[in-house]
file protein_7.cif (mmCIF, C-alpha atoms)
data_my_file
#
loop_
_atom_site.label_atom_id
_atom_site.label_comp_id
_atom_site.auth_asym_id
_atom_site.auth_seq_id
_atom_site.Cartn_x
_atom_site.Cartn_y
_atom_site.Cartn_z
CA MET W 111 131.30 123.87 99.68
CA LEU W 112 128.32 122.41 101.51
CA ARG W 113 126.85 125.04 103.81
CA GLY W 114 125.10 124.57 107.12
CA VAL W 115 127.29 121.78 108.49
CA ASP W 116 129.79 123.79 110.55
CA ALA W 117 129.18 127.47 111.31
CA SER W 118 132.87 128.21 111.83
CA VAL W 119 133.72 126.83 108.39
CA ASP W 120 130.83 128.76 106.84
CA ALA W 121 132.21 131.97 108.37
CA ALA W 122 135.76 131.32 107.19
CA VAL W 123 135.04 130.50 103.56
CA GLU W 124 133.55 133.00 101.16
CA ARG W 125 130.36 131.81 99.52
CA GLY W 126 130.96 130.62 95.99
CA GLN W 127 128.66 130.64 92.98
CA GLY W 128 128.75 126.85 92.79
CA ASP W 129 127.71 126.15 96.40
CA ALA W 130 124.03 125.58 95.62
CA GLU W 131 124.91 123.45 92.60
CA LEU W 132 127.20 121.27 94.76
CA GLU W 133 124.42 120.85 97.33
CA THR W 134 122.02 119.68 94.61
CA PHE W 135 124.63 117.31 93.16
CA LEU W 136 125.33 115.74 96.58
CA SER W 137 121.60 115.27 97.24
CA GLU W 138 121.08 113.50 93.94
CA MET W 139 124.11 111.25 94.53
CA ARG W 140 122.41 110.08 97.72
CA LEU W 141 119.12 109.09 96.09
CA LEU W 142 120.44 105.56 95.50
CA LYS W 143 121.88 103.63 98.45
CA ASP W 144 124.47 100.88 98.07
CA GLU W 145 124.47 97.62 100.03
CA TRP W 146 126.56 99.04 102.88
CA GLU W 147 124.26 102.04 103.29
CA ILE W 148 121.16 99.82 103.29
CA ALA W 149 122.77 97.64 105.97
CA GLU W 150 123.46 100.71 108.10
CA LEU W 151 119.86 101.84 107.71
CA GLN W 152 118.63 98.36 108.60
CA PHE W 153 120.71 98.44 111.79
CA ALA W 154 119.19 101.84 112.63
CA VAL W 155 115.69 100.47 112.02
CA ASP W 156 116.28 97.36 114.15
CA ALA W 157 117.71 99.41 117.01
CA THR W 158 114.76 101.77 116.76
CA SER W 159 112.39 98.81 117.01
CA ARG W 160 114.10 97.83 120.26
CA GLY W 161 113.66 101.40 121.46
CA PHE W 162 109.93 101.23 120.76
CA GLU W 163 109.75 98.02 122.81
CA ASP W 164 111.51 99.84 125.67
CA VAL W 165 108.92 102.61 125.50
CA VAL W 166 105.97 100.20 125.69
CA ARG W 167 107.49 98.46 128.74
CA ALA W 168 107.89 101.88 130.38
CA VAL W 169 104.28 103.00 129.85
CA PRO W 170 102.95 101.90 133.29
CA GLU W 171 105.65 103.92 135.07
CA ALA W 172 105.24 106.87 132.71
CA LEU W 173 101.49 107.06 133.36
CA GLY W 174 102.26 108.15 136.92
CA GLN W 175 104.68 110.91 135.93
CA VAL W 176 103.78 114.60 135.69
CA ARG W 177 105.64 114.74 132.38
CA GLY W 178 105.00 111.27 131.10
CA GLU W 179 105.81 112.18 127.51
CA ARG W 180 109.25 113.31 128.57
CA TYR W 181 109.78 110.15 130.60
CA LEU W 182 109.19 108.06 127.48
CA GLU W 183 111.40 110.36 125.43
CA GLY W 184 114.20 109.63 127.89
CA VAL W 185 113.61 105.88 127.70
CA PHE W 186 113.97 105.95 123.93
CA GLY W 187 116.96 108.28 124.15
CA LEU W 188 118.77 105.80 126.37
CA ARG W 189 118.44 103.10 123.73
CA ALA W 190 119.62 105.56 121.08
CA ARG W 191 122.78 106.38 123.01
CA LEU W 192 123.48 102.75 123.85
CA GLU W 193 123.14 101.38 120.31
CA GLY W 194 123.88 104.40 118.16
CA ASN W 195 125.27 107.89 118.06
CA ALA W 196 122.04 109.50 119.29
CA VAL W 197 118.53 110.10 118.03
CA GLY W 198 118.40 111.01 114.37
CA TYR W 199 116.02 113.92 115.07
CA ASP W 200 114.05 115.32 117.99
CA SER W 201 111.69 112.56 119.13
CA ILE W 202 107.96 113.26 118.92
CA VAL W 203 106.24 111.78 121.97
CA ALA W 204 102.69 113.09 121.61
CA SER W 205 99.80 111.89 123.76
CA GLY W 206 96.16 112.72 123.19
CA ALA W 207 95.56 115.92 121.24
CA HIS W 208 99.29 116.65 121.11
CA ALA W 209 99.43 114.11 118.27
CA ASN W 210 97.71 116.71 116.09
CA VAL W 211 100.70 119.05 116.40
CA LEU W 212 102.72 117.81 113.45
CA HIS W 213 106.14 118.18 115.09
CA TRP W 214 105.33 118.09 118.80
CA ILE W 215 108.78 118.00 120.44
CA ARG W 216 108.02 119.77 123.73
CA ASN W 217 107.06 116.35 125.08
CA ASP W 218 105.96 117.83 128.38
CA GLY W 219 102.45 116.40 128.60
CA ARG W 220 100.93 114.07 131.13
CA LEU W 221 99.72 110.68 129.90
CA SER W 222 96.22 109.27 130.29
CA SER W 223 95.26 105.65 129.77
CA ARG W 224 92.25 106.93 127.80
CA ASP W 225 94.48 108.42 125.10
CA LEU W 226 96.63 107.32 122.20
CA LEU W 227 100.37 107.95 122.11
CA LEU W 228 101.96 108.96 118.81
CA LEU W 229 105.66 108.08 118.95
CA ASP W 230 107.80 109.28 116.03
CA ALA W 231 111.44 108.45 116.71
CA GLY W 232 114.57 107.10 115.07
CA ILE W 233 118.02 106.01 116.15
CA GLU W 234 121.05 107.36 114.29
CA THR W 235 123.95 104.97 113.80
CA ASP W 236 127.57 105.88 114.50
CA SER W 237 127.89 106.25 110.72
CA LEU W 238 125.09 108.86 110.91
CA TYR W 239 122.36 106.96 109.02
CA THR W 240 118.99 107.30 110.71
CA ALA W 241 115.74 105.40 110.96
CA ASP W 242 112.38 107.20 111.03
CA ILE W 243 109.43 105.23 112.40
CA THR W 244 106.06 106.19 113.87
CA ARG W 245 103.59 104.09 115.80
CA THR W 246 100.35 105.24 117.39
CA LEU W 247 99.69 103.17 120.50
CA PRO W 248 96.75 102.93 122.94
CA LEU W 249 98.14 103.79 126.36
CA SER W 250 95.63 101.41 127.93
CA GLY W 251 96.91 98.60 125.73
CA ARG W 252 93.66 98.43 123.75
CA PHE W 253 92.06 100.78 121.22
CA SER W 254 88.64 102.19 121.99
CA PRO W 255 86.09 101.66 119.18
CA VAL W 256 86.53 105.20 117.85
CA GLN W 257 90.32 105.10 118.16
CA ARG W 258 90.33 101.83 116.24
CA GLN W 259 88.08 103.30 113.55
CA VAL W 260 90.50 106.15 112.91
CA TYR W 261 93.55 103.91 113.19
CA GLU W 262 92.17 101.34 110.74
CA LEU W 263 91.58 104.00 108.10
CA VAL W 264 95.19 105.17 108.39
CA TYR W 265 96.37 101.55 108.31
CA GLU W 266 94.43 100.89 105.11
CA ALA W 267 95.80 104.09 103.58
CA GLN W 268 99.37 103.09 104.42
CA SER W 269 98.83 99.57 103.08
CA ALA W 270 97.52 100.98 99.79
CA ALA W 271 100.53 103.28 99.56
CA ILE W 272 103.02 100.46 100.17
CA GLU W 273 101.39 98.41 97.39
CA THR W 274 102.39 101.05 94.82
CA LEU W 275 106.12 100.92 95.57
CA ARG W 276 108.23 99.44 92.78
CA PRO W 277 110.90 100.58 90.33
CA GLY W 278 109.40 102.83 87.68
CA ALA W 279 106.47 104.00 89.81
CA ARG W 280 106.22 107.75 90.19
CA PHE W 281 107.44 109.00 93.58
CA ARG W 282 104.12 110.76 94.13
CA ASP W 283 102.04 107.61 93.50
CA PHE W 284 102.20 106.25 97.04
CA HIS W 285 100.96 109.50 98.56
CA LEU W 286 98.07 109.71 96.10
CA ALA W 287 97.09 106.09 96.82
CA ALA W 288 97.03 106.79 100.54
CA MET W 289 95.01 109.98 100.12
CA ARG W 290 92.37 108.25 97.99
CA VAL W 291 91.76 105.78 100.83
CA ILE W 292 91.58 108.67 103.29
CA CYS W 293 89.06 110.47 101.05
CA GLU W 294 86.93 107.33 100.80
CA GLY W 295 86.96 107.01 104.58
CA LEU W 296 86.14 110.64 105.32
CA HIS W 297 83.29 110.44 102.79
CA ALA W 298 81.95 107.21 104.31
CA TRP W 299 82.02 108.78 107.77
CA GLY W 300 80.04 111.77 106.51
CA VAL W 301 82.82 114.21 107.42
CA LEU W 302 83.17 115.31 103.78
CA LYS W 303 80.14 115.21 101.48
CA ASP W 304 81.82 115.30 98.06
CA SER W 305 82.72 112.09 96.27
CA PRO W 306 86.23 110.74 96.85
CA SER W 307 87.19 111.66 93.27
CA SER W 308 85.99 115.22 93.78
CA LEU W 309 87.86 115.42 97.07
CA MET W 310 91.07 114.28 95.37
CA ASP W 311 90.63 117.08 92.84
CA SER W 312 89.71 119.80 95.34
CA GLY W 313 92.16 118.84 98.10
CA LEU W 314 89.61 119.50 100.85
CA TYR W 315 90.81 116.36 102.66
CA ARG W 316 94.07 118.16 103.45
CA ARG W 317 92.36 119.83 106.40
CA TYR W 318 92.73 116.47 108.17
CA THR W 319 95.97 115.14 106.65
CA VAL W 320 98.12 118.30 106.89
CA CYS W 321 101.22 117.07 105.04
CA SER W 322 102.61 114.64 102.49
CA SER W 323 102.99 110.92 103.18
CA GLY W 324 106.71 110.27 103.01
CA HIS W 325 110.24 111.21 101.99
CA MET W 326 113.66 109.80 101.18
CA LEU W 327 115.71 108.53 104.12
CA GLY W 328 119.44 108.21 104.70
CA LEU W 329 122.13 110.39 106.23
CA ASP W 330 119.41 112.96 106.94
CA VAL W 331 115.95 112.07 108.13
CA HIS W 332 114.68 114.06 105.14
CA ASP W 333 117.42 112.91 102.81
CA CYS W 334 118.20 114.33 99.37
CA ALA W 335 116.14 117.44 100.12
CA LYS W 336 118.11 119.64 97.72
CA ALA W 337 117.65 117.33 94.74
CA ARG W 338 115.91 118.78 91.72
CA ALA W 339 112.19 118.07 91.48
CA GLU W 340 112.61 116.08 88.27
CA SER W 341 115.05 113.75 90.07
CA TYR W 342 113.00 113.35 93.25
CA LEU W 343 109.47 114.63 93.81
CA ASP W 344 108.52 114.46 90.13
CA GLY W 345 110.77 111.51 89.40
CA VAL W 346 110.33 107.74 89.48
CA LEU W 347 111.44 105.20 92.06
CA GLU W 348 114.58 103.14 91.48
CA GLU W 349 115.99 100.02 93.09
CA GLY W 350 118.15 100.99 96.06
CA GLN W 351 116.15 104.01 97.19
CA VAL W 352 115.04 104.08 100.82
CA LEU W 353 111.97 106.05 101.84
CA THR W 354 109.31 106.43 104.49
CA VAL W 355 105.58 105.89 104.04
CA GLU W 356 103.67 107.77 106.72
CA PRO W 357 100.06 108.81 106.11
CA GLY W 358 98.18 110.30 109.02
CA LEU W 359 94.89 111.75 110.18
CA TYR W 360 94.95 114.75 112.51
CA LEU W 361 91.54 115.52 113.98
CA GLN W 362 91.82 118.72 115.97
CA SER W 363 90.08 119.10 119.32
CA ASP W 364 88.37 122.34 118.28
CA ASP W 365 87.39 121.34 114.73
CA LEU W 366 83.61 121.71 114.58
CA THR W 367 83.46 120.02 111.15
CA LEU W 368 84.09 116.73 112.97
CA PRO W 369 81.72 114.60 115.07
CA GLY W 370 82.55 115.11 118.72
CA GLU W 371 83.86 111.61 119.27
CA PHE W 372 86.60 112.09 116.64
CA ARG W 373 87.95 115.37 117.98
CA GLY W 374 91.39 115.25 119.55
CA ILE W 375 92.50 111.99 117.91
CA GLY W 376 95.72 111.97 115.91
CA VAL W 377 97.08 108.87 114.16
CA ARG W 378 100.18 108.36 112.03
CA ILE W 379 101.79 105.07 110.99
CA GLU W 380 105.26 105.34 109.47
CA ASP W 381 107.55 102.65 108.12
CA ASP W 382 110.87 102.57 106.31
CA LEU W 383 111.14 100.69 103.00
CA VAL W 384 113.83 99.95 100.45
CA ILE W 385 112.91 99.66 96.78
CA THR W 386 113.88 96.24 95.39
CA SER W 387 114.00 94.85 91.85
CA ASP W 388 110.32 93.87 91.93
CA GLY W 389 108.72 95.94 94.69
CA ALA W 390 109.76 97.09 98.14
CA ARG W 391 110.99 95.49 101.34
CA LEU W 392 109.53 96.63 104.65
CA MET W 393 112.64 97.28 106.71
CA SER W 394 110.60 97.97 109.85
CA ALA W 395 108.55 94.78 109.66
CA GLY W 396 109.67 93.93 113.20
CA LEU W 397 107.15 96.42 114.55
CA PRO W 398 103.45 95.51 114.18
CA ARG W 399 101.13 97.70 112.12
CA HIS W 400 97.68 96.10 112.25
CA PRO W 401 95.67 97.14 115.34
CA ASP W 402 95.13 93.56 116.51
CA GLU W 403 98.86 92.91 116.25
CA VAL W 404 99.66 96.16 118.06
CA GLU W 405 97.43 95.17 120.97
CA GLY W 406 98.93 91.68 121.15
CA TRP W 407 102.49 93.05 120.95
CA MET W 408 101.83 95.54 123.74
CA ALA W 409 100.20 92.89 125.94
CA ALA W 410 103.21 90.59 125.55
CA LEU W 411 105.70 93.37 126.38
CA LEU W 412 103.73 94.62 129.38
CA SER W 413 103.48 91.11 130.84
CA SER W 414 107.13 90.20 130.34
#

call {"tool": "encode", "arguments": {"input": "protein_7.cif", "output": "structure tokens"}}
result
Amino acid sequence: MLRGVDASVDAAVERGQGDAELETFLSEMRLLKDEWEIAELQFAVDATSRGFEDVVRAVPEALGQVRGERYLEGVFGLRARLEGNAVGYDSIVASGAHANVLHWIRNDGRLSSRDLLLLDAGIETDSLYTADITRTLPLSGRFSPVQRQVYELVYEAQSAAIETLRPGARFRDFHLAAMRVICEGLHAWGVLKDSPSSLMDSGLYRRYTVCSSGHMLGLDVHDCAKARAESYLDGVLEEGQVLTVEPGLYLQSDDLTLPGEFRGIGVRIEDDLVITSDGARLMSAGLPRHPDEVEGWMAALLSS
């Protein structure tokens, strides 16, 4: 049986030798989504996009709240309950330096118009398929020059990663493409002295990127997690797979290897994509990615 779904069932049924094998088999069955599953995921993505719009409209009110992060969490949660079953995972509503805590779900911070807001949230449909999207937004409505510099590097890294997606590409290729752009940027800024190629070999850039750049998506936000490495992490992409692409830069407030103006800035951009016969379709294209488009989108929502 599949463990970890219902504790009462787990307690009532003796563990069998084939449980782990069944879990692996079920994960690998879910690697490819059919048309109905992709439609459910698209609905989750579209509803999530509407939730992000709700959050932007609520920013002025949230700025005056003692727990502004939690206010925005509630705004998104309302959309999730109206259009779906609930949120697909605990929403990350991280302002300022909280964005550098990879899974910040306390969401109890106050907001400042000087800071960025990292919003990582997804709506789960009644059929239990979930979206998983992240946007990093300037709470003032406009990026400062340094915020834009960091954001643009992450944007370029994500764009390079998306370009690699196609049937037959290795699953790991998109992460490596994103990290090469990050290495080039960190080297150009003078943060890391080694050449980008040397940094890719040594992994020193990981101090600022913390984690990998994406995962399969479906019934679980980290779908197919029990699949064998040769079928997933070390495998190749196939038409019908749905995954996230989410590079980030996490520049800690107390990291003395960084110039002072960078410290405390955290940026992640995450989108959901489905592999097609000749590439990949951006399912979350309804939400802007480029910084100019983000600013224009926010301005339009805040004036409506």

call {"tool": "closest_residue", "arguments": {"input": "protein_7.cif", "among": "W:Pro369, W:Asp364, W:Thr386, W:Arg245", "to": "Gly300 of chain W", "atoms": "only C-alpha atoms"}}
result
W:Pro369

call {"tool": "resolve_selection", "arguments": {"input": "protein_7.cif", "expression": "the PyMOL selection byres ((chain W and resi 283) around 12)", "output": "list of chain:residue names"}}
result
W:Ala270, W:Ala271, W:Ile272, W:Glu273, W:Thr274, W:Leu275, W:Arg276, W:Pro277, W:Gly278, W:Ala279, W:Arg280, W:Phe281, W:Arg282, W:Phe284, W:His285, W:Leu286, W:Ala287, W:Ala288, W:Met289, W:Arg290, W:Ser322, W:Ser323, W:Gly324, W:Leu343, W:Asp344, W:Gly345, W:Val346, W:Leu347, W:Val355

call {"tool": "write_last_selection", "arguments": {"input": "protein_7.cif", "atoms": "C-alpha atoms", "output": "PDB file, in the coordinates of the input"}}
result
ATOM      1  CA  ALA W 270      97.520 100.980  99.790  1.00  0.00           C
ATOM      2  CA  ALA W 271     100.530 103.280  99.560  1.00  0.00           C
ATOM      3  CA  ILE W 272     103.020 100.460 100.170  1.00  0.00           C
ATOM      4  CA  GLU W 273     101.390  98.410  97.390  1.00  0.00           C
ATOM      5  CA  THR W 274     102.390 101.050  94.820  1.00  0.00           C
ATOM      6  CA  LEU W 275     106.120 100.920  95.570  1.00  0.00           C
ATOM      7  CA  ARG W 276     108.230  99.440  92.780  1.00  0.00           C
ATOM      8  CA  PRO W 277     110.900 100.580  90.330  1.00  0.00           C
ATOM      9  CA  GLY W 278     109.400 102.830  87.680  1.00  0.00           C
ATOM     10  CA  ALA W 279     106.470 104.000  89.810  1.00  0.00           C
ATOM     11  CA  ARG W 280     106.220 107.750  90.190  1.00  0.00           C
ATOM     12  CA  PHE W 281     107.440 109.000  93.580  1.00  0.00           C
ATOM     13  CA  ARG W 282     104.120 110.760  94.130  1.00  0.00           C
ATOM     14  CA  PHE W 284     102.200 106.250  97.040  1.00  0.00           C
ATOM     15  CA  HIS W 285     100.960 109.500  98.560  1.00  0.00           C
ATOM     16  CA  LEU W 286      98.070 109.710  96.100  1.00  0.00           C
ATOM     17  CA  ALA W 287      97.090 106.090  96.820  1.00  0.00           C
ATOM     18  CA  ALA W 288      97.030 106.790 100.540  1.00  0.00           C
ATOM     19  CA  MET W 289      95.010 109.980 100.120  1.00  0.00           C
ATOM     20  CA  ARG W 290      92.370 108.250  97.990  1.00  0.00           C
ATOM     21  CA  SER W 322     102.610 114.640 102.490  1.00  0.00           C
ATOM     22  CA  SER W 323     102.990 110.920 103.180  1.00  0.00           C
ATOM     23  CA  GLY W 324     106.710 110.270 103.010  1.00  0.00           C
ATOM     24  CA  LEU W 343     109.470 114.630  93.810  1.00  0.00           C
ATOM     25  CA  ASP W 344     108.520 114.460  90.130  1.00  0.00           C
ATOM     26  CA  GLY W 345     110.770 111.510  89.400  1.00  0.00           C
ATOM     27  CA  VAL W 346     110.330 107.740  89.480  1.00  0.00           C
ATOM     28  CA  LEU W 347     111.440 105.200  92.060  1.00  0.00           C
ATOM     29  CA  VAL W 355     105.580 105.890 104.040  1.00  0.00           C
TER      30      VAL W 355
END

call {"tool": "resolve_selection", "arguments": {"input": "protein_7.cif", "expression": "the PyMOL selection byres ((chain W and resi 180-182) around 7)", "output": "list of chain:residue names"}}
result
W:Val165, W:Ala168, W:Ala172, W:Arg177, W:Gly178, W:Glu179, W:Glu183, W:Gly184, W:Val185, W:Phe186, W:Asn217, W:Asp218

call {"tool": "closest_residue", "arguments": {"input": "protein_7.cif", "among": "W:Glu356, W:Glu371, W:Asp365, W:Glu163", "to": "Trp299 of chain W", "atoms": "only C-alpha atoms"}}
result
W:Glu371

call {"tool": "resolve_selection", "arguments": {"input": "protein_7.cif", "expression": "the PyMOL selection byres ((chain W and resi 189) around 9)", "output": "list in words"}}
result
Ala157, Thr158, Arg160, Gly161, Asp164, Gly184, Val185, Phe186, Gly187, Leu188, Ala190, Arg191, Leu192, Glu193, Gly194, Ala196 and Ile233 of chain W

call {"tool": "residues_around", "arguments": {"input": "protein_7.cif", "residues": "segment 358-361 of chain W", "least_positions_apart": "6", "cutoff": "6 Å", "atoms": "all atoms listed in the file", "output": "JSON, numbers by chain"}}
result
{"W": [210, 264, 318, 319, 373, 374, 375, 376, 377, 378]}

call {"tool": "atom_distance", "arguments": {"input": "protein_7.cif", "atom1": "atom CA of His325 of chain W", "atom2": "atom CA of Leu353 of chain W"}}
result
5.4 Å

call {"tool": "residues_around", "arguments": {"input": "protein_7.cif", "residues": "segment 395-411 of chain W", "least_positions_apart": "3", "cutoff": "9 Å", "atoms": "only C-alpha atoms", "output": "PyMOL selection string"}}
result
chain W and resi 155-156+159+162-164+166-167+245+247-248+251-253+258+261-262+265+379+381-382+391-392+414

call {"tool": "residues_around", "arguments": {"input": "protein_7.cif", "residues": "Pro170 of chain W", "least_positions_apart": "4", "cutoff": "10 Å", "atoms": "all atoms listed in the file", "output": "ChimeraX atom specification"}}
result
/W:165-166,174-175,178,221,223,249-250,412

call {"tool": "closest_residue", "arguments": {"input": "protein_7.cif", "among": "W:Val169, W:Asp304, W:Thr240, W:Thr246", "to": "Ser413 of chain W", "atoms": "only C-alpha atoms"}}
result
W:Val169

call {"tool": "closest_residue", "arguments": {"input": "protein_7.cif", "among": "W:Leu226, W:Ile202, W:Leu263, W:Cys334", "to": "Gly295 of chain W", "atoms": "all atoms listed in the file"}}
result
W:Leu263

call {"tool": "residues_around", "arguments": {"input": "protein_7.cif", "residues": "segment 125-135 of chain W", "least_positions_apart": "2", "cutoff": "10 Å", "atoms": "all atoms listed in the file", "output": "ChimeraX atom specification"}}
result
/W:111-113,120-123,137-140,334-338

call {"tool": "closest_residue", "arguments": {"input": "protein_7.cif", "among": "W:Val176, W:Val291, W:Val211, W:Ala154", "to": "Ala231 of chain W", "atoms": "all atoms listed in the file"}}
result
W:Ala154
